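**Q** Take a look at this one; I'll ask things after.
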Amino acid sequence: MKIVVLPGDGIGPQAMQATVEVLQAASSRFGLNLQLDHDIAGHESLQRHGATVTPALLEKVKSADGLMLGPMATYDFKDEAKGEINPSKFFRKELDLFANIRPARTYPGVPTRVDAFDLVVVRENTEGFYADRNIESGTSEMLITSDVVISLRRITRQCCERIARSAFELAMTRKRHVSIVHKANVLKIGDGMFIDICHQIAREFPEVSVDDFIVDAMMAHVVRAPQRFDVIVTTNMFGDILSDLTAELSGSLGLGGSLNAGLDHAMGQAAHGSAPDIAGQNIANPFSLILSAGQLLGWYGQRRNMQPFLDASKAIADAAAAAVFAGEATRDVGGRLGTAQTGQAFARRLLSA
Ligand code: NAD
């Protein structure tokens, strides 16, 4: 399997270095023959190539089997005409990575404010309120006068259908329950269509039970009793916000794995950002990126029906739980190690598993 590795900005290089050590250990332990192709995106690429991402990089990623994208300083990238393209948006749009799969679970040994839970947010990833990617060209935010802005939200039958199907297929491998999260009381047409389509797809999966929640109330439900949820399917922006909440409820934003999956391509990417407040201090939690790498291996193994990749994916998830329990993790989750040492300990744990 060939994986393009882009470290990213801020805490990205340190977290990615730890992740690379884990991938190399997984490759050796499970005979995966991973080939890691290191390249650059974000600020470093902007300086060297005049753009945060380049067409040549896209071609390289298209011909690879997977991509690991480090956190990007997206807020800094304001003007596409100056090469300041949001790499995250770029790959999601260009590779049609329509399903953003964000698991969140509590870990024994990591203090949390809530009861133990294990859920997955399945977030639509290509349209909704994301004005930089929901139209073919340009952005769907318009400056009408200097005091008036209109931002458009796009919801399509096709995108609703494919994200709903992803959620129900995932639920079949878990506890067989899907919760639909929406704002159809206000966005009656767009989210009305989203709910209708989710219920239509649900009929293809009679073993899966379904309920639905209005997104604002969902915040209370998920804080009050996250253990009642299994798979949560929702539109782009709601999923982005909800999944940061569920990651933090699990103990830290640094524990939130995230896979962006399409039919032909997939990208592992931490759920968090470039965290400039802690960059370069060797304290960033690399688990989010490591868990995302594990998800990427699982996606590849499932698609190709290759058991060693599925085994490696499971081993990474299991090793994460064992590592945090043993304190072989960063301080934000009660551990005692720096970022680099956490990656090294994780790799050793995988090799001896
Ligand atoms: P952030 O996610 O970078 O940080 C939020 C808070 O969580 C900070 O206190 C940070 O220190 C902490 N945190 C984040 N990741 C952590 C980790 N691995 N270990 C320990 N603590 C961690 O959000 P922000 O500060 O609002 O954004 C910083 C930059 O990241 C902005 O440019 C933003 O646009 C970008 N961003 C990128 C992505 C992405 O690439 N997918 C996602 C979100 C934000």
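Numbering starts fresh at 1 for the residues of each chain in the structure tokens, the chains themselves are lettered A, B, ... in the order given, and ligands are numbered from 1 as they appear.
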Please identify all protein, DNA and RNA residues within 7 Å of ligand 1, counting only C-alpha atoms and all ligand atoms, and report them as a ChimeraX atom specification.
**A** /A:70-76,88,253-254,269-278,283-286,288,332
**Q** Excluding Ala51 in chain A and residues on its chain fewer than 2 positions from it, collect all residues at most 6 Å away from it, counting only C-alpha atoms, and give them as a PDB file with C-alpha atoms, in the first residue's frame.
**A**
```pdb
ATOM      1  CA  SER A  45       4.407  24.286   0.378  1.00  0.00           C
ATOM      2  CA  LEU A  46       3.212  27.886   0.133  1.00  0.00           C
ATOM      3  CA  HIS A  49       5.905  26.160  -4.365  1.00  0.00           C
ATOM      4  CA  VAL A  53      -1.237  22.355  -2.474  1.00  0.00           C
ATOM      5  CA  GLY A  83      -2.060  30.000  -3.542  1.00  0.00           C
ATOM      6  CA  GLU A  84      -3.705  29.926  -0.108  1.00  0.00           C
TER       7      GLU A  84
END
```
**Q** Taking only C-alpha atoms into account, which of A:Val61, A:Ile290, A:Ile316, A:Ile135 comes nearest Leu95 in chain A?
**A**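 That would be A:Val61, the residue with the smallest distance to Leu95 in chain A.
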**Q** Under the rule that only C-alpha atoms are counted, which of A:Pro111, A:Gly301, A:Gly138, A:Pro7 is the nearest residue to Thr19 in chain A?
**A**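 Counting only C-alpha atoms, the residue closest to Thr19 in chain A is A:Pro7.
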**Q** Based on DSSP run over this structure's backbone, return all residues of range 214-348 of chain A in strand (DSSP E or B), as a PyMOL selection string.
**A** chain A and resi 214+231-234+259-261+266-269
**Q** Atoms to include: N, CA, C and O atoms. Write the selected residues as a PDB file, in the first residue's frame.
**A**
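Generated file (out34.pdb):
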```
ATOM      1  N   ILE A 214     -33.114  16.877  16.836  1.00  0.00           N
ATOM      2  CA  ILE A 214     -32.798  18.222  16.357  1.00  0.00           C
ATOM      3  C   ILE A 214     -31.431  18.594  16.935  1.00  0.00           C
ATOM      4  O   ILE A 214     -31.130  18.304  18.103  1.00  0.00           O
ATOM      5  N   VAL A 231     -24.255   4.978  15.980  1.00  0.00           N
ATOM      6  CA  VAL A 231     -23.831   5.711  14.781  1.00  0.00           C
ATOM      7  C   VAL A 231     -24.722   6.947  14.662  1.00  0.00           C
ATOM      8  O   VAL A 231     -25.949   6.838  14.763  1.00  0.00           O
ATOM      9  N   ILE A 232     -24.099   8.090  14.468  1.00  0.00           N
ATOM     10  CA  ILE A 232     -24.847   9.344  14.322  1.00  0.00           C
ATOM     11  C   ILE A 232     -24.578   9.872  12.917  1.00  0.00           C
ATOM     12  O   ILE A 232     -23.414  10.071  12.540  1.00  0.00           O
ATOM     13  N   VAL A 233     -25.628  10.076  12.132  1.00  0.00           N
ATOM     14  CA  VAL A 233     -25.419  10.590  10.768  1.00  0.00           C
ATOM     15  C   VAL A 233     -25.961  12.016  10.687  1.00  0.00           C
ATOM     16  O   VAL A 233     -27.039  12.316  11.196  1.00  0.00           O
ATOM     17  N   THR A 234     -25.180  12.893  10.053  1.00  0.00           N
ATOM     18  CA  THR A 234     -25.611  14.281   9.981  1.00  0.00           C
ATOM     19  C   THR A 234     -24.926  15.012   8.826  1.00  0.00           C
ATOM     20  O   THR A 234     -24.054  14.467   8.158  1.00  0.00           O
ATOM     21  N   LEU A 259     -11.501   9.685   9.448  1.00  0.00           N
ATOM     22  CA  LEU A 259     -11.211   9.194   8.098  1.00  0.00           C
ATOM     23  C   LEU A 259     -12.155   9.880   7.118  1.00  0.00           C
ATOM     24  O   LEU A 259     -13.360   9.939   7.353  1.00  0.00           O
ATOM     25  N   ASN A 260     -11.593  10.388   6.028  1.00  0.00           N
ATOM     26  CA  ASN A 260     -12.394  10.966   4.943  1.00  0.00           C
ATOM     27  C   ASN A 260     -12.391   9.943   3.821  1.00  0.00           C
ATOM     28  O   ASN A 260     -11.342   9.707   3.209  1.00  0.00           O
ATOM     29  N   ALA A 261     -13.558   9.355   3.562  1.00  0.00           N
ATOM     30  CA  ALA A 261     -13.572   8.229   2.619  1.00  0.00           C
ATOM     31  C   ALA A 261     -14.482   8.504   1.440  1.00  0.00           C
ATOM     32  O   ALA A 261     -15.571   9.058   1.587  1.00  0.00           O
ATOM     33  N   ALA A 266      -9.119   7.568   0.059  1.00  0.00           N
ATOM     34  CA  ALA A 266      -9.390   7.863   1.469  1.00  0.00           C
ATOM     35  C   ALA A 266      -8.228   8.645   2.056  1.00  0.00           C
ATOM     36  O   ALA A 266      -7.086   8.517   1.618  1.00  0.00           O
ATOM     37  N   MET A 267      -8.572   9.452   3.045  1.00  0.00           N
ATOM     38  CA  MET A 267      -7.572  10.328   3.667  1.00  0.00           C
ATOM     39  C   MET A 267      -7.748  10.259   5.188  1.00  0.00           C
ATOM     40  O   MET A 267      -8.818  10.593   5.703  1.00  0.00           O
ATOM     41  N   GLY A 268      -6.686   9.846   5.878  1.00  0.00           N
ATOM     42  CA  GLY A 268      -6.686   9.913   7.327  1.00  0.00           C
ATOM     43  C   GLY A 268      -6.258  11.323   7.732  1.00  0.00           C
ATOM     44  O   GLY A 268      -5.333  11.894   7.147  1.00  0.00           O
ATOM     45  N   GLN A 269      -6.949  11.869   8.707  1.00  0.00           N
ATOM     46  CA  GLN A 269      -6.696  13.277   9.063  1.00  0.00           C
ATOM     47  C   GLN A 269      -7.146  13.472  10.495  1.00  0.00           C
ATOM     48  O   GLN A 269      -8.231  13.046  10.864  1.00  0.00           O
TER      49      GLN A 269
END
```
**Q** Neighbouring residues of Ala345 in chain A were defined as those with any atom within 9 Å, considering only C-alpha atoms; residues of the same chain fewer than 5 positions away were excluded. Please report them as a ChimeraX atom specification.
**A** /A:323,328-329,340,350
**Q** Compare A:Leu119, A:Ala167, A:Ala315, A:Ala25 by their minimum atom-to-atom distance to Pro226 in chain A, counting only C-alpha atoms, and give me the closest one.
**A**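 Between A:Leu119, A:Ala167, A:Ala315, A:Ala25, the residue approaching Pro226 in chain A most closely is A:Leu119.
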**Q** List the neighbours of Gln344 in chain A out to 8 Å using only C-alpha atoms; skip same-chain residues closer than 2 positions along the sequence, and give me the result as a ChimeraX atom specification.
**A** /A:18,21-22,340-342,346-348
**Q** I want to know what sits within 12 Å of Phe213 in chain A, based on only C-alpha atoms, with residues of the same chain fewer than 6 positions away left out; could you give that as a list in words?
**A**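 Using only C-alpha atoms, the neighbours found are Val178, Ser179, Ile180, Val181, His182, Lys183, Ala184, Asn185, Asp191, Ile195, Met219, Ala220, His221, Val222, Phe229, Ile232, Val233, Thr234 and Phe238 of chain A.
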**Q** Write out as a PyMOL selection string which residues come within 12 Å of Phe91 in chain A when counting only C-alpha atoms, dropping same-chain ones fewer than 2 positions away.
**A** chain A and resi 6+41+52-55+57-62+66-69+85-89+93-98+125-126+133+260-262+265-269
**Q** Could you write out, as a ChimeraX atom specification, all the residues of range 71-248 of chain A that DSSP marks as helix (DSSP H, G or I)?
**A** /A:74-76,80-82,87-94,157-172,190-202,215-224,226-228,236-248
**Q** Write the residues of the selection above to a file with C-alpha atoms, as a short mmCIF file (atom, residue, chain, number, x, y, z; two decimals), in the first residue's frame.
**A**
```
data_model
loop_
_atom_site.label_atom_id
_atom_site.label_comp_id
_atom_site.auth_asym_id
_atom_site.auth_seq_id
_atom_site.Cartn_x
_atom_site.Cartn_y
_atom_site.Cartn_z
CA THR A 74 -6.59 26.68 7.45
CA TYR A 75 -7.58 29.93 9.11
CA ASP A 76 -4.39 31.50 7.71
CA GLU A 80 -6.87 31.19 -3.23
CA ALA A 81 -5.54 33.58 -5.88
CA LYS A 82 -2.35 33.77 -3.78
CA PRO A 87 -5.72 21.59 1.71
CA SER A 88 -8.43 19.82 3.64
CA LYS A 89 -11.16 21.17 1.37
CA PHE A 90 -8.98 20.60 -1.69
CA PHE A 91 -8.55 16.88 -1.14
CA ARG A 92 -12.11 16.30 0.07
CA LYS A 93 -13.49 17.99 -3.04
CA GLU A 94 -10.99 16.76 -5.64
CA ARG A 157 -30.38 13.90 -2.86
CA GLN A 158 -27.24 12.11 -4.07
CA CYS A 159 -25.07 13.29 -1.16
CA CYS A 160 -27.80 12.53 1.39
CA GLU A 161 -28.23 9.03 -0.02
CA ARG A 162 -24.57 8.13 -0.02
CA ILE A 163 -23.87 9.44 3.49
CA ALA A 164 -26.98 7.71 4.84
CA ARG A 165 -25.93 4.43 3.22
CA SER A 166 -22.43 4.77 4.72
CA ALA A 167 -23.97 5.25 8.16
CA PHE A 168 -26.30 2.25 7.92
CA GLU A 169 -23.56 0.00 6.52
CA LEU A 170 -21.35 1.02 9.44
CA ALA A 171 -24.18 0.43 11.92
CA MET A 172 -24.50 -3.15 10.61
CA GLY A 190 -33.02 20.89 3.02
CA ASP A 191 -32.94 18.99 6.29
CA GLY A 192 -36.46 17.74 5.57
CA MET A 193 -35.02 16.02 2.50
CA PHE A 194 -32.03 14.78 4.53
CA ILE A 195 -34.30 13.09 7.10
CA ASP A 196 -36.63 11.63 4.47
CA ILE A 197 -33.74 10.11 2.57
CA CYS A 198 -32.16 8.71 5.76
CA HIS A 199 -35.48 6.99 6.57
CA GLN A 200 -35.73 5.68 2.98
CA ILE A 201 -32.26 4.16 3.20
CA ALA A 202 -33.17 2.77 6.64
CA VAL A 215 -29.18 19.32 16.44
CA ASP A 216 -29.41 21.82 19.31
CA ALA A 217 -31.18 19.34 21.57
CA MET A 218 -28.65 16.73 20.46
CA MET A 219 -25.89 18.68 22.23
CA ALA A 220 -27.75 18.19 25.52
CA HIS A 221 -28.49 14.52 24.81
CA VAL A 222 -24.92 13.69 23.93
CA VAL A 223 -23.53 15.41 27.04
CA ARG A 224 -26.23 13.90 29.26
CA PRO A 226 -23.55 9.67 25.19
CA GLN A 227 -23.79 5.93 25.86
CA ARG A 228 -27.25 5.84 24.21
CA ASN A 236 -21.45 18.66 7.11
CA MET A 237 -21.31 21.52 9.61
CA PHE A 238 -23.37 19.84 12.32
CA GLY A 239 -21.06 16.82 12.07
CA ASP A 240 -17.96 18.97 12.29
CA ILE A 241 -19.14 20.61 15.50
CA LEU A 242 -20.70 17.53 17.08
CA SER A 243 -17.59 15.40 16.48
CA ASP A 244 -15.32 17.89 18.28
CA LEU A 245 -17.73 17.68 21.21
CA THR A 246 -17.74 13.88 21.22
CA ALA A 247 -13.92 13.76 20.94
CA GLU A 248 -13.53 16.14 23.87
#
```
**Q** Measuring atom to atom with only C-alpha atoms, identify which of A:Gly257, A:Ala317, A:Gly294, A:Asp230 is nearest to Gln24 in chain A.
**A**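 Counting only C-alpha atoms, the residue closest to Gln24 in chain A is A:Gly294.
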**Q** So which one's closest to Arg349 in chain A, A:Ala319, A:Lys175, A:Leu297, A:Ile150? Using only C-alpha atoms, please.
**A** A:Ala319
**Q** Between CA of Lys78 in chain A and CA of Leu152 in chain A, measure the distance and give it in Å to one decimal.
**A**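 Interatomic distance here is 18.3 Å.
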